[in-house]
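J.: Have a look at the structure that comes next, please.
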Amino acid sequence: MKAVLVRLAGAVGVMWAAATASWLALLVAPGDVTTILLGDGADTPEIRAAIAREWGLDQPEIVQYLSYLARLLQGDLGRSYTLQQGVGDLLAGQLGPTVELMLAATATGIVLALLLAVATAGRGRWLRGAVSGVQLAWVSVPPFLVGILLLFVFSFTLGWFPVSGARDTSALVLPALTLGLPIAGSLGQVLREGLERAQEQPFAVTARARGLTESALVVRHTLRHASLPAVTLAGMLTGSLLSGAIITESLYGRPGLGQLTLTAVTGQDLPVMMAIVILAAALYVLISTVLDLLYRVIDPRLRSA
C-alpha cells in the first residue's frame, strides 16, 4: 500500500508540475492574449474589455491560475483561441493516429533490436562491429533525414508505399520505420551487451553443461537477465516519441497531434499547446507505471522488495 501511495503521489506531482509550467509559459509568453483573440476583427477598448471578461483575463493572476487548475480537475482543457473549439475535443480527434504511429514505431524498434541483439551477441568481432556501425547511424541521423531517404527510395523510386496520408496500413510502414530505427539502434546495443554479460555468468555455464543449446539458453535465461536495462531505456525512448511524431507526421502528411501542434504554434494557440504539454506528462506517468510493473514480471525478486 505504501508503494502504491508513493507512486500515486509522484504521478500527481508530475501532472501538477506540468500544468503549472504550461500556465507559467502562457503568462510569460510574448504578445497579448487579447490581441490574439481579436484576430483580424475590430479593435476597440470596449471589445477588448468584453473579451477580457469572457476569458477571465481581467482577474488577478492567482485567480486565473486557481481557476485553471479547477477546470483541469474537472477535465476541462479550455477552448482553442483560433479554432474556437474545446481543446479536449481537438485532442480526442487527433490522438488516435498519433497513438497508432507511436505503438507501431515502438513495436518496430523493439523487434529489430531483439533480432539484431540475438543474432550478434557472442558472434564474430567483424559482424558485431558492422551491426554496431549501422545501429550508430540509426541513432545519429536526424529522423527527418531518415524519413526523406525512406520516401525517396521506397515511395518515389520503388513506389512500394504511399507518399503521404493515412488511408491504410501501408501508409504506416515508413513513418513507423522513421521513428522506430533510432529505438532499434539504441536498444539493440544495450540488449547485446546485456546478453553477452549474461552468457558469461555461472548459471549460463551450468546450463550449457547440462546440454542446453545456445538458442534455448537465450530464450529461457539470458534474455530475461538482459531485459531490465533494456526495458528502462525503451521506456525513456518511447516517451520521446511524442516529440518525434510532430516532425514525422508533418513529413508524411499524416493526421495527428503533430499537425495540431504545428497549427497551434504558428497560430499562437496557447491553450492547445498547454494541453499537449499536459498530455506529454500523462504519457510519461503512464509509461513509468507500466515499466514498474514490467520490472516485477521480468525479475521476480523485485516483487518482495
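Note on naming: chains are A, B, ... as they come in the C-alpha cells, residues start from 1 per chain, ligands start from 1 in the order shown.
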When you look at Leu279 of chain A with a cut-off of 10 Å (counting only C-alpha atoms), what residues show up, excluding the ones that are within fewer than 6 positions of it in the same chain? I need them as a PyMOL selection string.
T.: chain A and resi 15+18-19+91+242+273+285
J.: Extract, using only C-alpha atoms, all DNA, RNA and protein residues at most 12 Å from Leu24 of chain A, discarding same-chain residues fewer than 3 positions from it, and format them as a PDB file with N, CA and C atoms, in the first residue's frame.
T.:
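Dumped to out.pdb:
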```pdb
ATOM      1  N   ALA A  17       3.098  19.706 -11.772  1.00  0.00           N
ATOM      2  CA  ALA A  17       4.242  20.466 -12.275  1.00  0.00           C
ATOM      3  C   ALA A  17       4.073  20.800 -13.752  1.00  0.00           C
ATOM      4  N   ALA A  18       3.569  19.841 -14.530  1.00  0.00           N
ATOM      5  CA  ALA A  18       3.364  20.100 -15.958  1.00  0.00           C
ATOM      6  C   ALA A  18       2.291  21.162 -16.172  1.00  0.00           C
ATOM      7  N   ALA A  19       1.204  21.079 -15.417  1.00  0.00           N
ATOM      8  CA  ALA A  19       0.133  22.074 -15.549  1.00  0.00           C
ATOM      9  C   ALA A  19       0.627  23.453 -15.148  1.00  0.00           C
ATOM     10  N   THR A  20       1.382  23.531 -14.058  1.00  0.00           N
ATOM     11  CA  THR A  20       1.892  24.823 -13.600  1.00  0.00           C
ATOM     12  C   THR A  20       2.902  25.401 -14.587  1.00  0.00           C
ATOM     13  N   ALA A  21       3.786  24.545 -15.110  1.00  0.00           N
ATOM     14  CA  ALA A  21       4.778  25.020 -16.077  1.00  0.00           C
ATOM     15  C   ALA A  21       4.106  25.543 -17.343  1.00  0.00           C
ATOM     16  N   LEU A  27       1.829  32.739 -19.172  1.00  0.00           N
ATOM     17  CA  LEU A  27       1.929  34.034 -18.506  1.00  0.00           C
ATOM     18  C   LEU A  27       3.083  34.865 -19.059  1.00  0.00           C
ATOM     19  N   VAL A  28       4.212  34.213 -19.343  1.00  0.00           N
ATOM     20  CA  VAL A  28       5.396  34.959 -19.788  1.00  0.00           C
ATOM     21  C   VAL A  28       5.558  34.958 -21.299  1.00  0.00           C
ATOM     22  N   ALA A  29       4.649  34.334 -22.009  1.00  0.00           N
ATOM     23  CA  ALA A  29       4.764  34.280 -23.471  1.00  0.00           C
ATOM     24  C   ALA A  29       4.667  35.683 -24.056  1.00  0.00           C
ATOM     25  N   PRO A  30       5.469  35.980 -25.089  1.00  0.00           N
ATOM     26  CA  PRO A  30       5.398  37.303 -25.709  1.00  0.00           C
ATOM     27  C   PRO A  30       4.058  37.509 -26.412  1.00  0.00           C
ATOM     28  N   GLU A  61      -3.887  37.290 -11.447  1.00  0.00           N
ATOM     29  CA  GLU A  61      -3.203  36.120 -11.990  1.00  0.00           C
ATOM     30  C   GLU A  61      -3.377  34.889 -11.105  1.00  0.00           C
ATOM     31  N   ILE A  62      -3.359  35.066  -9.804  1.00  0.00           N
ATOM     32  CA  ILE A  62      -3.522  33.921  -8.915  1.00  0.00           C
ATOM     33  C   ILE A  62      -4.915  33.330  -9.060  1.00  0.00           C
ATOM     34  N   GLN A  64      -6.691  33.454 -11.853  1.00  0.00           N
ATOM     35  CA  GLN A  64      -6.681  32.753 -13.139  1.00  0.00           C
ATOM     36  C   GLN A  64      -6.009  31.381 -13.007  1.00  0.00           C
ATOM     37  N   TYR A  65      -4.931  31.332 -12.228  1.00  0.00           N
ATOM     38  CA  TYR A  65      -4.205  30.067 -12.050  1.00  0.00           C
ATOM     39  C   TYR A  65      -5.061  29.037 -11.322  1.00  0.00           C
ATOM     40  N   TYR A  68      -7.774  27.829 -13.500  1.00  0.00           N
ATOM     41  CA  TYR A  68      -7.220  26.900 -14.499  1.00  0.00           C
ATOM     42  C   TYR A  68      -7.057  25.502 -13.913  1.00  0.00           C
ATOM     43  N   LEU A 270      -2.354  29.139 -27.492  1.00  0.00           N
ATOM     44  CA  LEU A 270      -1.717  28.706 -26.246  1.00  0.00           C
ATOM     45  C   LEU A 270      -2.480  27.615 -25.499  1.00  0.00           C
ATOM     46  N   MET A 274      -0.658  24.172 -24.245  1.00  0.00           N
ATOM     47  CA  MET A 274      -0.644  23.796 -22.840  1.00  0.00           C
ATOM     48  C   MET A 274      -1.212  22.395 -22.650  1.00  0.00           C
TER      49      MET A 274
END
```
J.: Could you check the closest approach to Leu101 of chain A for each of A:Val163, A:Ala171, A:Ala49, A:Leu116 and tell me which residue wins, using only C-alpha atoms?
T.: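 The answer is A:Ala171, which sits nearest to Leu101 of chain A.
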J.: With only C-alpha atoms as the counted atoms, please give the residues lying no more than 9 Å from Phe161 of chain A, apart from itself and same-chain residues fewer than 4 positions off, as a PyMOL selection string.
T.: chain A and resi 151+154-156+170-174
J.: Compile the contact shell of segment 245-253 of chain A as a PDB file with C-alpha atoms, in the first residue's frame: residues with an atom at most 10 Å away, counting only C-alpha atoms, same-chain residues fewer than 6 positions apart removed.
T.:
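Below is the file that was written, part_9.pdb:
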```
ATOM      1  CA  PRO A  97      -3.458   8.415 -35.417  1.00  0.00           C
ATOM      2  CA  THR A  98      -0.600   9.575 -33.182  1.00  0.00           C
ATOM      3  CA  VAL A  99      -1.032   6.684 -30.724  1.00  0.00           C
ATOM      4  CA  LEU A 101       2.083   5.681 -35.035  1.00  0.00           C
ATOM      5  CA  MET A 102       3.815   5.584 -31.632  1.00  0.00           C
ATOM      6  CA  ALA A 105       7.217   2.662 -34.080  1.00  0.00           C
ATOM      7  CA  PRO A 143      14.581  11.429 -38.059  1.00  0.00           C
ATOM      8  CA  PHE A 144      13.514  13.923 -40.704  1.00  0.00           C
ATOM      9  CA  LEU A 145      16.530  12.951 -42.850  1.00  0.00           C
ATOM     10  CA  VAL A 146      15.757   9.261 -42.371  1.00  0.00           C
ATOM     11  CA  GLY A 147      12.187   9.970 -43.450  1.00  0.00           C
ATOM     12  CA  ILE A 148      13.319  11.814 -46.568  1.00  0.00           C
ATOM     13  CA  LEU A 151      10.445   8.394 -49.043  1.00  0.00           C
ATOM     14  CA  PRO A 162       2.247   5.927 -50.467  1.00  0.00           C
ATOM     15  CA  VAL A 163       3.965   9.286 -50.171  1.00  0.00           C
ATOM     16  CA  SER A 164       1.539  10.804 -47.669  1.00  0.00           C
ATOM     17  CA  GLY A 165      -1.739  10.279 -45.854  1.00  0.00           C
ATOM     18  CA  ALA A 166      -3.041   7.558 -43.572  1.00  0.00           C
ATOM     19  CA  ALA A 171       0.928   4.323 -45.179  1.00  0.00           C
ATOM     20  CA  LEU A 172       2.057   3.489 -41.637  1.00  0.00           C
ATOM     21  CA  LEU A 174       7.576   4.308 -43.467  1.00  0.00           C
ATOM     22  CA  PRO A 175       6.577   6.612 -40.568  1.00  0.00           C
ATOM     23  CA  ALA A 176       6.935   3.697 -38.138  1.00  0.00           C
ATOM     24  CA  THR A 178      11.393   6.592 -39.294  1.00  0.00           C
ATOM     25  CA  LEU A 179      10.579   6.683 -35.582  1.00  0.00           C
ATOM     26  CA  GLN A 259      -0.242  18.685 -37.276  1.00  0.00           C
ATOM     27  CA  LEU A 260      -2.336  20.071 -34.440  1.00  0.00           C
ATOM     28  CA  THR A 261       0.802  21.172 -32.559  1.00  0.00           C
ATOM     29  CA  LEU A 262       2.287  22.936 -35.563  1.00  0.00           C
TER      30      LEU A 262
END
```
J.: Please identify all polymer residues within 9 Å of Trp16 of chain A, counting only C-alpha atoms, omitting same-chain residues fewer than 5 positions from it, and present them as a PyMOL selection string.
T.: chain A and resi 11+21+69+278
J.: May I have the selected residues written with N, CA, C and O atoms, as a tab-separated table (two decimals), in the first residue's frame?
T.:
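What ended up in selection_30.tsv:
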```tsv
chain	number	residue	atom	x	y	z
A	11	ALA	N	2.83	10.61	-9.35
A	11	ALA	CA	2.08	10.91	-10.57
A	11	ALA	C	1.35	12.24	-10.45
A	11	ALA	O	1.36	13.07	-11.38
A	21	ALA	N	3.79	24.54	-15.11
A	21	ALA	CA	4.78	25.02	-16.08
A	21	ALA	C	4.11	25.54	-17.34
A	21	ALA	O	4.52	26.58	-17.89
A	69	LEU	N	-6.51	25.41	-12.70
A	69	LEU	CA	-6.36	24.11	-12.05
A	69	LEU	C	-7.72	23.46	-11.77
A	69	LEU	O	-7.88	22.25	-11.92
A	278	ILE	N	0.55	18.89	-21.05
A	278	ILE	CA	-0.06	18.06	-20.02
A	278	ILE	C	-0.22	16.62	-20.51
A	278	ILE	O	-0.01	15.66	-19.76
```
J.: Please give the complete set of residues from segment 135-204 of chain A that DSSP, run on the backbone, assigns to alpha helix (DSSP H), formatted as a PyMOL selection string.
T.: chain A and resi 135-140+143-150+170-199+202-204
J.: Residues within 8 Å of Ile110 of chain A, please, as a list in words. Count only C-alpha atoms; anything in the same chain fewer than 4 positions from it doesn't count.
T.: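 The filter keeps Thr106, Leu114, Ile183, Ala184, Leu187 and Ala234 of chain A.
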J.: Work out how far atom CA of Pro60 of chain A is from atom CA of Gln84 of chain A, in Å to one decimal.
T.: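 If I compute the distance from atom CA of Gln84 of chain A to atom CA of Pro60 of chain A, I get 23.9 Å.
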J.: Which one is closest to Gly109 of chain A: A:Leu233, A:Leu57, A:Leu73, A:Ala207? Count only C-alpha atoms.
T.: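 Among the listed residues, A:Leu233 lies closest to Gly109 of chain A.
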J.: Quick one: residues within 6 Å of segment 223-228 of chain A, only C-alpha atoms counted, chain neighbours fewer than 6 positions away excluded, as a list in words?
T.: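 Near neighbours after the sequence-gap exclusion: Leu191, Gly194 and Leu195 of chain A.
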J.: Write the residues of the selection above to a file with N, CA, C and O atoms, as an mmCIF file, in the first residue's frame.
T.:
```cif
data_model
loop_
_atom_site.group_PDB
_atom_site.id
_atom_site.type_symbol
_atom_site.label_atom_id
_atom_site.label_comp_id
_atom_site.auth_asym_id
_atom_site.auth_seq_id
_atom_site.Cartn_x
_atom_site.Cartn_y
_atom_site.Cartn_z
ATOM 1 N N LEU A 191 20.838 -4.344 -25.403
ATOM 2 C CA LEU A 191 20.440 -5.749 -25.302
ATOM 3 C C LEU A 191 21.615 -6.678 -25.599
ATOM 4 O O LEU A 191 21.818 -7.685 -24.911
ATOM 5 N N GLY A 194 23.988 -6.748 -22.695
ATOM 6 C CA GLY A 194 23.397 -7.492 -21.594
ATOM 7 C C GLY A 194 23.416 -8.990 -21.834
ATOM 8 O O GLY A 194 23.679 -9.783 -20.909
ATOM 9 N N LEU A 195 23.145 -9.394 -23.079
ATOM 10 C CA LEU A 195 23.185 -10.816 -23.406
ATOM 11 C C LEU A 195 24.593 -11.378 -23.271
ATOM 12 O O LEU A 195 24.788 -12.491 -22.747
#
```
J.: So which one's closest to Arg167 of chain A, A:Pro255, A:Pro142, A:Gly129, A:Pro202? Using only C-alpha atoms, please.
T.: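 The answer is A:Pro255, which sits nearest to Arg167 of chain A.
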J.: Would you compute the distance between atom CA of Phe152 of chain A and atom CA of Leu177 of chain A? Give it in Å to one decimal.
T.: 13.9 Å
